[in-house]
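Step one of this worksheet: look at the structure below.
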Amino acid sequence: HISCGSIALCGGAWLKKLGNMMYGKNAIPVAMCPHQYVIFEKTNGVGSHLPVVRDLEHKYYVKPEVGGFMVGIFEAEILEHLPDEVRARNSNTIPMPREAEHEVYEESFEKGGRWLEAAMAHVPILGNVGIKQWLHGPDTHSTDHAPLIGRLPGADNAYIATGFNSQGIQCGPAAGVALAESILDGLPHSLSADFSAAEP
């Protein structure tokens with residue numbers, strides 16, 4: 001039993017279980033999706049002074065990573081690459097284990113496909129350096145790729161912040177403001193965005 005004025009639930013994909021505990025059904029539309037990215041070897045001139053670049057048309061982003069570049073792929077055909085155990089967790093068939101955030105799945109070269117080819121065409125230096133590491137790990141996604149921040153419908157004092165799709169750190173300050181203002185004032189009035197939490 002928890003007694004408090006308000007509670008903020010910020011547990012990523014684990015919020016599905018908490019939602020089940022509160023509502024008796026899956027009330028929080030987030031899922032864990034494997035995210036394929038590639039880390040390239042160090043390259044002269046690459047450092048933290050460079051920006052993160054995201055190409056929405058070609059489904060990739062490029063960012064500096066410890067002296068080299070990292071390219072991440074947000075492919076459109078995500079369901080084709082879901083491991084069976086991840087699919088089962090997302091459907092609440094089996095529970096989400098504590099250590100799931102540290103999982104690494106088998107690399108999917110097909111998943112990178114034309115998206116990675118587009119990144120290498122747009123950033124030619126990638127073709128001149130080696131690949132240091134392929135990583136295929138978990139991300140928490142909402143159904144529309146927008147974060148879910150605010151009061152859970154049907155609850156007077158339960159709030160959530162989840163579904164940041166690997167952008168939690170860069171969205172953290174604004175998410176904190178939105179969540180705090182939602183709790184204290186009823187809405188995130190300092191931000192122009194319209195955040196919608198889950199419908200139970």
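Ligands are numbered from 1 in the order shown, chains are lettered A, B, ... in the order of the structure tokens, and residues start at 1 in each chain.
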
Check region 7-104 of chain A with DSSP on the backbone and list each residue it calls strand (DSSP E or B), as an MDAnalysis selection string.
chainID A and resid 7:9 30:42 53:55 60:65 68:73

Neighbours of region 15-26 of chain A within 9 Å (only C-alpha atoms; same-chain residues fewer than 4 positions away dropped), as a short mmCIF file (atom, residue, chain, number, x, y, z; two decimals) with all heavy atoms, in the first residue's frame?
```cif
data_model
loop_
_atom_site.label_atom_id
_atom_site.label_comp_id
_atom_site.auth_asym_id
_atom_site.auth_seq_id
_atom_site.Cartn_x
_atom_site.Cartn_y
_atom_site.Cartn_z
N LEU A 9 4.88 8.15 -12.18
CA LEU A 9 5.37 6.85 -12.65
C LEU A 9 6.20 7.07 -13.91
O LEU A 9 5.67 7.51 -14.93
CB LEU A 9 4.19 5.92 -12.93
CG LEU A 9 3.20 5.74 -11.77
CD1 LEU A 9 1.98 4.97 -12.22
CD2 LEU A 9 3.87 5.07 -10.60
N CYS A 10 7.49 6.79 -13.81
CA CYS A 10 8.41 7.06 -14.92
C CYS A 10 9.26 5.83 -15.18
O CYS A 10 10.49 5.89 -15.15
CB CYS A 10 9.28 8.27 -14.60
SG CYS A 10 8.37 9.74 -14.12
N GLY A 11 8.62 4.71 -15.43
CA GLY A 11 9.33 3.44 -15.53
C GLY A 11 9.45 2.87 -16.92
O GLY A 11 9.66 1.67 -17.07
N VAL A 30 2.61 1.80 -24.40
CA VAL A 30 4.03 1.82 -24.71
C VAL A 30 4.49 0.39 -24.96
O VAL A 30 3.88 -0.56 -24.47
CB VAL A 30 4.89 2.45 -23.59
CG1 VAL A 30 4.62 3.93 -23.47
CG2 VAL A 30 4.68 1.74 -22.27
N ALA A 31 5.55 0.26 -25.73
CA ALA A 31 6.09 -1.06 -26.03
C ALA A 31 7.60 -0.95 -26.18
O ALA A 31 8.13 0.11 -26.51
CB ALA A 31 5.47 -1.61 -27.31
N ASN A 90 5.42 -7.31 -24.90
CA ASN A 90 4.59 -6.17 -25.31
C ASN A 90 3.11 -6.50 -25.28
O ASN A 90 2.28 -5.61 -25.11
CB ASN A 90 5.00 -5.71 -26.72
CG ASN A 90 6.35 -5.00 -26.72
OD1 ASN A 90 6.83 -4.55 -25.69
ND2 ASN A 90 6.97 -4.92 -27.88
N SER A 91 2.78 -7.76 -25.46
CA SER A 91 1.36 -8.16 -25.42
C SER A 91 0.95 -8.63 -24.03
O SER A 91 -0.16 -9.13 -23.85
CB SER A 91 1.11 -9.28 -26.43
OG SER A 91 1.84 -10.45 -26.07
N ASN A 92 1.86 -8.46 -23.05
CA ASN A 92 1.60 -8.85 -21.66
C ASN A 92 1.42 -10.36 -21.49
O ASN A 92 0.83 -10.81 -20.51
CB ASN A 92 0.37 -8.12 -21.09
CG ASN A 92 0.60 -6.64 -20.97
OD1 ASN A 92 1.67 -6.20 -20.55
ND2 ASN A 92 -0.38 -5.85 -21.37
N PRO A 95 6.00 -11.41 -18.33
CA PRO A 95 6.39 -10.15 -17.68
C PRO A 95 7.69 -9.58 -18.25
O PRO A 95 8.50 -10.30 -18.83
CB PRO A 95 6.56 -10.55 -16.21
CG PRO A 95 6.87 -12.01 -16.25
CD PRO A 95 6.11 -12.57 -17.42
N MET A 96 7.86 -8.28 -18.06
CA MET A 96 9.08 -7.60 -18.46
C MET A 96 10.13 -7.81 -17.38
O MET A 96 9.95 -7.40 -16.24
CB MET A 96 8.81 -6.10 -18.62
CG MET A 96 9.99 -5.30 -19.13
SD MET A 96 10.20 -5.46 -20.90
CE MET A 96 8.73 -4.64 -21.49
N GLY A 154 -8.86 8.70 -15.04
CA GLY A 154 -9.45 7.81 -14.06
C GLY A 154 -8.73 7.80 -12.73
O GLY A 154 -9.18 7.17 -11.78
N ILE A 160 2.17 10.06 -15.33
CA ILE A 160 3.19 9.27 -16.00
C ILE A 160 4.07 10.15 -16.89
O ILE A 160 3.66 11.23 -17.32
CB ILE A 160 2.60 8.13 -16.85
CG1 ILE A 160 1.75 8.68 -18.01
CG2 ILE A 160 1.80 7.17 -16.00
CD1 ILE A 160 1.36 7.63 -19.03
N THR A 162 6.60 8.74 -20.02
CA THR A 162 7.23 7.59 -20.67
C THR A 162 7.11 7.75 -22.19
O THR A 162 6.54 8.70 -22.69
CB THR A 162 6.58 6.27 -20.21
OG1 THR A 162 7.35 5.17 -20.73
CG2 THR A 162 5.14 6.15 -20.68
N PRO A 200 -7.48 4.62 -20.10
CA PRO A 200 -7.68 3.30 -19.50
C PRO A 200 -8.81 2.54 -20.18
O PRO A 200 -9.64 3.12 -20.86
CB PRO A 200 -8.03 3.63 -18.05
CG PRO A 200 -8.62 5.00 -18.11
CD PRO A 200 -7.91 5.70 -19.23
#
```

Could you produce a table of the residues of region 105-155 of chain A lying within 8 Å of region 32-35 of chain A, with the nearest pair of atoms per residue and their separation in Å rounded to one decimal, using only C-alpha atoms, ordered by chain and increasing residue number, as CSV?
```
residue,atom,partner,partner_atom,distance
A:Tyr105,CA,A:Pro34,CA,7.5
A:His136,CA,A:His35,CA,5.4
A:Gly137,CA,A:Pro34,CA,5.2
A:Pro138,CA,A:Pro34,CA,4.4
A:Asp139,CA,A:Cys33,CA,5.3
A:Thr140,CA,A:Met32,CA,4.5
A:His141,CA,A:Met32,CA,6.2
```

With C-alpha atoms retained, write the just-selected residues as a tab-separated table (two decimals), in the first residue's frame.
```
chain	number	residue	atom	x	y	z
A	105	TYR	CA	19.66	-8.65	-29.55
A	136	HIS	CA	20.66	-3.90	-31.44
A	137	GLY	CA	19.10	-2.94	-28.13
A	138	PRO	CA	15.77	-1.94	-26.57
A	139	ASP	CA	13.91	1.37	-26.78
A	140	THR	CA	10.55	2.27	-25.25
A	141	HIS	CA	8.13	3.62	-27.85
```

Env of Asn44 (chain A): 10 Å cut, atoms = only C-alpha atoms, seq-sep filter 3 positions within chain, self excluded. Answer as a PyMOL selection string.
chain A and resi 47+67-68

Writer output for current selection, all heavy atoms, as a PDB file, in the first residue's frame:
```pdb
ATOM      1  N   GLY A  47      33.728  15.371 -32.717  1.00  0.00           N
ATOM      2  CA  GLY A  47      33.683  15.545 -31.270  1.00  0.00           C
ATOM      3  C   GLY A  47      32.314  16.021 -30.831  1.00  0.00           C
ATOM      4  O   GLY A  47      31.387  16.160 -31.636  1.00  0.00           O
ATOM      5  N   GLY A  67      34.445  10.393 -30.270  1.00  0.00           N
ATOM      6  CA  GLY A  67      35.431  10.629 -31.321  1.00  0.00           C
ATOM      7  C   GLY A  67      35.078  10.043 -32.675  1.00  0.00           C
ATOM      8  O   GLY A  67      35.823  10.221 -33.640  1.00  0.00           O
ATOM      9  N   GLY A  68      33.981   9.341 -32.765  1.00  0.00           N
ATOM     10  CA  GLY A  68      33.524   8.802 -34.042  1.00  0.00           C
ATOM     11  C   GLY A  68      32.058   9.137 -34.230  1.00  0.00           C
ATOM     12  O   GLY A  68      31.483   9.928 -33.481  1.00  0.00           O
TER      13      GLY A  68
END
```

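Minimum distance to Ala175 (chain A) across A:Ser190, A:Leu116, A:Gly45, A:Gly127 (counting only C-alpha atoms) occurs at A:Ser190.
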
Identify, on the basis of only C-alpha atoms, every residue whose closest approach to region 48-55 of chain A does not exceed 9 Å; exclude the query and any residue fewer than 2 positions from it along the same chain; express the result as a PDB file with C-alpha atoms, in the first residue's frame.
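Final output, selection_17.pdb:
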```pdb
ATOM      1  CA  VAL A  46      34.581  14.480 -34.799  1.00  0.00           C
ATOM      2  CA  GLU A  57      12.725  10.973 -44.726  1.00  0.00           C
ATOM      3  CA  HIS A  58      15.463   8.336 -44.624  1.00  0.00           C
ATOM      4  CA  LYS A  59      14.768   7.170 -41.046  1.00  0.00           C
ATOM      5  CA  TYR A  60      18.216   7.656 -39.524  1.00  0.00           C
ATOM      6  CA  TYR A  61      20.159   9.941 -37.199  1.00  0.00           C
ATOM      7  CA  VAL A  62      23.879  10.636 -36.966  1.00  0.00           C
ATOM      8  CA  LYS A  63      25.608  11.889 -33.837  1.00  0.00           C
ATOM      9  CA  PRO A  64      29.145  12.107 -32.450  1.00  0.00           C
ATOM     10  CA  GLU A  65      30.097   9.175 -30.213  1.00  0.00           C
ATOM     11  CA  VAL A  66      33.465   9.194 -28.405  1.00  0.00           C
ATOM     12  CA  GLY A  67      35.431  10.629 -31.321  1.00  0.00           C
ATOM     13  CA  ALA A 119      23.275   7.761 -44.123  1.00  0.00           C
TER      14      ALA A 119
END
```

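Proximity of A:Asn157, A:Ser108, A:Ser182, A:Gln170 to Ser3 (chain A), computed with only C-alpha atoms, is greatest for A:Asn157.
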